[in-house]
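Here is the structure we will look at.
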Amino acid sequence: MAKKVTQPKVNPVTGHLSALAVGVKEFVKPTRFTIQYPRERRWVVDRFRGFIVNDIEKCISCFQCAWACPVNAIFMYRAPNGKFYPGIRYEQCILCHFCVDACPVGSLYGTTISDGAFPNLESTIFKPEDMAQPPQWDDEAEYVVKYDFDENGNLKVIKMRKSEVK
Amino acid sequence: MGYLEPMVQIPFLEPLINFLLKVPVIGPIVNFLLWMPIFAVWFVPGLIGLFIPLIFVIWWERKAAARVQWRYGPLEISKRLGGVIQPISDLIRYTLQEIIIHQEADAAYFIHMPVFGFIFALLPVLFIPAGPNVYAINTGYNILIAAVLISIFNVVVIVTGWASTDKWAYIGTVREAFMYAAYEIPFMLSVIAMIILFGTADPFMMVNEQVAHYIPGAILNPIAFIVAVVTTAMASSRFPFEIVENDTDIVVGPFTEYGGLIFGLTMTMSYEKTYVMTLLLSILFLGGWSGPYIAPLGDLSAPLWLGVRVFLVMMFFSFLRAVYPSYRLDQALRIGWRTLLILSVVSVIWSIVIRLALPVV
Ligand code: SF4
Ligand code: SF4
């Protein structure tokens, strides 16, 4: 149901003053923090859009994923059984997961894995067999860092051991 | 051989200067550089006086905005100093880059306009004194002349954008023309309000009035001060009025097609304008160069106090980048033609009332 939203009324003088006050406060004591990347990783939600896996058993070779892809990152490769299966070229893929949404049988599904290093350009081209399981990379991270805000807008940084997260 | 007089007196450098004046070839050059009008144009408030705040303020702007927005800003070059020489390295990069003139551009205008712009933006400095003994030209109408010269500059920006023959440059140019009309009238009215208030357009007498009564112009006429601050932000496209050069929607507006050293010039232009208008603001509203006399600095003592004000005001303007998003064009025009215009008319009336009520000021 549509809900009408009106612009909140702000007193221009106090509005500007409070904006400047926030700026000064952040300048004196910035809330910034750093995630020490290879040793710590950012916590991401379950629906985070990462690399994509294809369950070849389910795939009906309908080409919908290739049609849906906005950047033409999906190539269909012919398999020995005569069917075509999708392979993603990750140099082009923008991880939009439109292909996952388009798949009529749910054979494509997303993972939350988003960080990996490719040694060369060829390795960014995933063949159907590369798509069969989630990509494997060494994960040096010991901690997963999550950040949140309390009701006053203060930053809370929560550091969890990797074993504690799923 | 006589010397060019008057020379700027700097007591703590006196022995060195006296020695250099006697050296055959260097003597006349030193004399020439210290000759007051030339000193005003080259050092304070002119070119050197521009570049020191420029380098600092560009760095400060990026650094402060980064800090407020949870980033770090420039850091790689001169890491220990927090990246403070980043603008200089940018300048070197601009200098070494190729200047590309694309086919559709009107080459003559395209190349010359940024240079004219750089010069025009600094012209008002000829008429803005940095202290009682540091000025280039004194006519008795200096504030008026400087205010008028500030507005000539916009023509250059418009021609620049037109000569570029580019979609973004064209949109930026039209925006510049709109903005110009919106801020110019309130700005001029606020300057006129101060001229009426002090009963003179002579910067020296204005500062003397403020010093004599221990009241800065900003308190005598706060409305004119607010209008002048907001219009300065509009005129020099500081946030929240970064509309002409808004890089998130029209690349860099009128300067989109530029590259290399010429782009460096166009980038400096908006800072130059901030600098010149800040000088004017400091003299009109913040007591100019008033401050305790520092004996070893001699004639440079007054420019130092003016410089402190200019630094602080420029830092304030660049800090706005950290706090504000930018207005849309129509919102800015509404502010200019409605709020600011009304406020500036009120400020003129305020000045007339004060003038009538307190004839001594
Ligand atoms: S995630 Fe988006 S870009 Fe990547 S393959 Fe799927 S549809 Fe194409
Ligand atoms: S949309 Fe799904 S079923 Fe169709 S070809 Fe792509 S992966 Fe296979």
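Residues in the structure tokens are numbered from 1 in each chain, the chains being A, B, ... in the order shown, and ligands are numbered from 1 in the order shown.
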
Which protein, DNA or RNA residues have an atom within 8 Å of ligand 2, counting only C-alpha atoms and all ligand atoms, as a short mmCIF file (atom, residue, chain, number, x, y, z; two decimals) with C-alpha atoms, in the first residue's frame?
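To be explicit, this is the file written out as pocket_23.cif:
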```cif
data_model
loop_
_atom_site.label_atom_id
_atom_site.label_comp_id
_atom_site.auth_asym_id
_atom_site.auth_seq_id
_atom_site.Cartn_x
_atom_site.Cartn_y
_atom_site.Cartn_z
CA ASN A 54 25.07 -23.18 -10.70
CA ASP A 55 23.51 -26.51 -9.77
CA ILE A 56 23.91 -28.32 -13.07
CA LYS A 58 18.68 -28.61 -11.88
CA CYS A 59 19.58 -26.42 -14.84
CA ILE A 60 17.18 -26.83 -17.76
CA SER A 61 19.34 -24.89 -20.22
CA CYS A 62 16.71 -22.23 -20.77
CA PHE A 63 19.09 -19.31 -21.40
CA GLN A 64 17.03 -16.99 -19.20
CA CYS A 65 20.09 -16.06 -17.15
CA ALA A 66 22.03 -15.03 -20.24
CA MET A 76 26.40 -20.48 -22.64
CA PHE A 84 24.03 -25.49 -22.84
CA TYR A 85 25.14 -24.36 -19.43
CA PRO A 86 26.00 -20.86 -18.24
CA CYS A 99 20.59 -13.95 -13.41
CA VAL A 100 19.77 -15.57 -10.08
CA ALA A 102 15.74 -14.85 -13.69
CA CYS A 103 16.47 -18.54 -13.26
CA PRO A 104 13.07 -20.33 -13.40
CA VAL A 105 14.18 -23.48 -11.58
CA GLY A 106 16.43 -21.96 -8.94
CA SER A 107 19.50 -23.70 -10.21
CA LEU A 108 21.61 -20.54 -10.05
#
```

Inset, instruction - Within 6 Å of chain B, which residues of chain A are there when counting only C-alpha atoms? Please give them as an MDAnalysis selection string. - result: chainID A and resid 23 26:27 32

Any chance you could tabulate, as JSON lines, the residues of chain A at most 7 Å from ligand 1 with each one's nearest atom pair and distance in Å to one decimal, using only C-alpha atoms and all ligand atoms, in chain and rising number order?
```
{"residue": "A:Cys65", "atom": "CA", "partner": "ligand 1", "partner_atom_place_in_ligand_line": "7 (S)", "distance": 6.5}
{"residue": "A:Ala68", "atom": "CA", "partner": "ligand 1", "partner_atom_place_in_ligand_line": "7 (S)", "distance": 5.8}
{"residue": "A:Cys69", "atom": "CA", "partner": "ligand 1", "partner_atom_place_in_ligand_line": "7 (S)", "distance": 3.5}
{"residue": "A:Pro70", "atom": "CA", "partner": "ligand 1", "partner_atom_place_in_ligand_line": "8 (Fe)", "distance": 5.8}
{"residue": "A:Val71", "atom": "CA", "partner": "ligand 1", "partner_atom_place_in_ligand_line": "3 (S)", "distance": 5.5}
{"residue": "A:Asn72", "atom": "CA", "partner": "ligand 1", "partner_atom_place_in_ligand_line": "8 (Fe)", "distance": 6.1}
{"residue": "A:Ala73", "atom": "CA", "partner": "ligand 1", "partner_atom_place_in_ligand_line": "8 (Fe)", "distance": 5.0}
{"residue": "A:Ile74", "atom": "CA", "partner": "ligand 1", "partner_atom_place_in_ligand_line": "5 (S)", "distance": 5.3}
{"residue": "A:Ile88", "atom": "CA", "partner": "ligand 1", "partner_atom_place_in_ligand_line": "5 (S)", "distance": 5.5}
{"residue": "A:Gln92", "atom": "CA", "partner": "ligand 1", "partner_atom_place_in_ligand_line": "3 (S)", "distance": 6.8}
{"residue": "A:Cys93", "atom": "CA", "partner": "ligand 1", "partner_atom_place_in_ligand_line": "4 (Fe)", "distance": 3.8}
{"residue": "A:Ile94", "atom": "CA", "partner": "ligand 1", "partner_atom_place_in_ligand_line": "3 (S)", "distance": 4.4}
{"residue": "A:Leu95", "atom": "CA", "partner": "ligand 1", "partner_atom_place_in_ligand_line": "1 (S)", "distance": 3.8}
{"residue": "A:Cys96", "atom": "CA", "partner": "ligand 1", "partner_atom_place_in_ligand_line": "2 (Fe)", "distance": 3.9}
{"residue": "A:His97", "atom": "CA", "partner": "ligand 1", "partner_atom_place_in_ligand_line": "1 (S)", "distance": 3.6}
{"residue": "A:Phe98", "atom": "CA", "partner": "ligand 1", "partner_atom_place_in_ligand_line": "7 (S)", "distance": 4.2}
{"residue": "A:Cys99", "atom": "CA", "partner": "ligand 1", "partner_atom_place_in_ligand_line": "7 (S)", "distance": 4.0}
{"residue": "A:Val100", "atom": "CA", "partner": "ligand 1", "partner_atom_place_in_ligand_line": "6 (Fe)", "distance": 6.5}
```

Inset, instruction - Could you check how far CA of Val53 in chain A sits from CA of Thr111 in chain A, in Å to one decimal? - result: 7.3 Å

Inset, instruction - Extract, using only C-alpha atoms, all DNA, RNA and protein residues at most 7 Å from range 21-34 of chain B, discarding same-chain residues fewer than 6 positions from it, and format them as JSON, numbers by chain. - result: {"B": [3, 4, 7, 8]}

Would you save the residues of that selection, restricted to N, CA and C atoms, as a JSON list (two decimals), in the first residue's frame?
```
[["chain", "number", "residue", "atom", "x", "y", "z"],
["B", 3, "TYR", "N", 66.17, 55.82, -4.53],
["B", 3, "TYR", "CA", 65.39, 54.60, -4.42],
["B", 3, "TYR", "C", 63.94, 54.87, -4.77],
["B", 4, "LEU", "N", 63.26, 53.80, -5.22],
["B", 4, "LEU", "CA", 61.82, 53.91, -5.42],
["B", 4, "LEU", "C", 61.17, 53.98, -4.04],
["B", 7, "MET", "N", 59.10, 52.33, 0.35],
["B", 7, "MET", "CA", 59.40, 50.92, 0.42],
["B", 7, "MET", "C", 58.72, 50.34, 1.65],
["B", 8, "VAL", "N", 58.43, 49.03, 1.58],
["B", 8, "VAL", "CA", 57.80, 48.37, 2.72],
["B", 8, "VAL", "C", 58.86, 48.16, 3.79]]
```

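With CA of Val346 in chain B on one side and CA of Ala235 in chain B on the other, the separation reads 20.9 Å.
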
Legend entry - Residues within 10 Å of Pro254 in chain B, only C-alpha atoms, excluding chain neighbours under 6 positions, as JSON, numbers by chain: {"B": [157, 158, 159, 160, 161, 162, 163, 164, 165, 166, 167, 168, 169, 170, 171, 172, 173, 174, 175, 176, 244, 245, 266]}

Legend entry - Gly131 in chain B surroundings by only C-alpha atoms, 7 Å radius, close-in-sequence under 3 positions cut, as a PyMOL selection string: chain B and resi 134-135+289+302-303

Write out, as a Markdown table, each residue of range 93-146 of chain A that has an atom at most 7 Å from range 34-42 of chain A, together with the closest pair of atoms and their distance in Å to one decimal, counting only C-alpha atoms, rows going by chain and rising number.
```
| residue | atom | partner | partner_atom | distance |
| --- | --- | --- | --- | --- |
| A:Glu140 | CA | A:Arg39 | CA | 5.7 |
| A:Ala141 | CA | A:Arg39 | CA | 4.1 |
| A:Glu142 | CA | A:Arg39 | CA | 5.6 |
| A:Tyr143 | CA | A:Glu40 | CA | 4.7 |
| A:Val144 | CA | A:Arg41 | CA | 4.8 |
| A:Val145 | CA | A:Arg42 | CA | 5.0 |
| A:Lys146 | CA | A:Arg42 | CA | 6.2 |
```

Once you have the residues from the selection above, write them out as a PDB file, in the first residue's frame, restricted to N, CA, C and O atoms.
```
ATOM      1  N   GLU A 140      42.500 -15.789   5.039  1.00  0.00           N
ATOM      2  CA  GLU A 140      43.422 -15.567   6.149  1.00  0.00           C
ATOM      3  C   GLU A 140      42.742 -14.961   7.362  1.00  0.00           C
ATOM      4  O   GLU A 140      43.347 -14.815   8.404  1.00  0.00           O
ATOM      5  N   ALA A 141      41.484 -14.552   7.189  1.00  0.00           N
ATOM      6  CA  ALA A 141      40.846 -13.781   8.253  1.00  0.00           C
ATOM      7  C   ALA A 141      40.669 -14.606   9.515  1.00  0.00           C
ATOM      8  O   ALA A 141      40.273 -15.770   9.469  1.00  0.00           O
ATOM      9  N   GLU A 142      41.000 -13.986  10.663  1.00  0.00           N
ATOM     10  CA  GLU A 142      40.727 -14.648  11.935  1.00  0.00           C
ATOM     11  C   GLU A 142      39.467 -14.093  12.562  1.00  0.00           C
ATOM     12  O   GLU A 142      38.814 -14.749  13.349  1.00  0.00           O
ATOM     13  N   TYR A 143      39.177 -12.825  12.209  1.00  0.00           N
ATOM     14  CA  TYR A 143      38.029 -12.168  12.835  1.00  0.00           C
ATOM     15  C   TYR A 143      37.062 -11.691  11.776  1.00  0.00           C
ATOM     16  O   TYR A 143      37.445 -11.404  10.644  1.00  0.00           O
ATOM     17  N   VAL A 144      35.823 -11.598  12.190  1.00  0.00           N
ATOM     18  CA  VAL A 144      34.808 -10.975  11.348  1.00  0.00           C
ATOM     19  C   VAL A 144      34.322  -9.749  12.109  1.00  0.00           C
ATOM     20  O   VAL A 144      34.014  -9.825  13.286  1.00  0.00           O
ATOM     21  N   VAL A 145      34.334  -8.596  11.440  1.00  0.00           N
ATOM     22  CA  VAL A 145      34.001  -7.350  12.119  1.00  0.00           C
ATOM     23  C   VAL A 145      32.648  -6.865  11.632  1.00  0.00           C
ATOM     24  O   VAL A 145      32.397  -6.790  10.438  1.00  0.00           O
ATOM     25  N   LYS A 146      31.811  -6.543  12.596  1.00  0.00           N
ATOM     26  CA  LYS A 146      30.462  -6.070  12.274  1.00  0.00           C
ATOM     27  C   LYS A 146      30.318  -4.704  12.904  1.00  0.00           C
ATOM     28  O   LYS A 146      30.859  -4.482  13.984  1.00  0.00           O
TER      29      LYS A 146
END
```

Inset, instruction - Do a neighbour search on range 181-188 of chain B at 12 Å with only C-alpha atoms, toss out local chain neighbours closer than 5 positions, and write the hits as a PyMOL selection string. - result: chain B and resi 143-155+174-176+193-195+223-237+241+277+280-281+329-348

Legend entry - Distance query Ile283 in chain B at most 8 Å, only C-alpha atoms, self and fewer than 6 positions along chain excluded, as JSON, numbers by chain: {"B": [203, 206, 207, 289]}

Inset, instruction - Just the alpha helix (DSSP H) stuff from range 35-144 of chain A, please, per backbone DSSP, written as a PyMOL selection string. - result: chain A and resi 64-68+98-102

Inset, instruction - Would you list, as a PyMOL selection string, the residues of chain A that end up in strand (DSSP E) under DSSP run on this structure's backbone? - result: chain A and resi 40-42+52-54+74-78+84-88+108-110+143-149+155-161
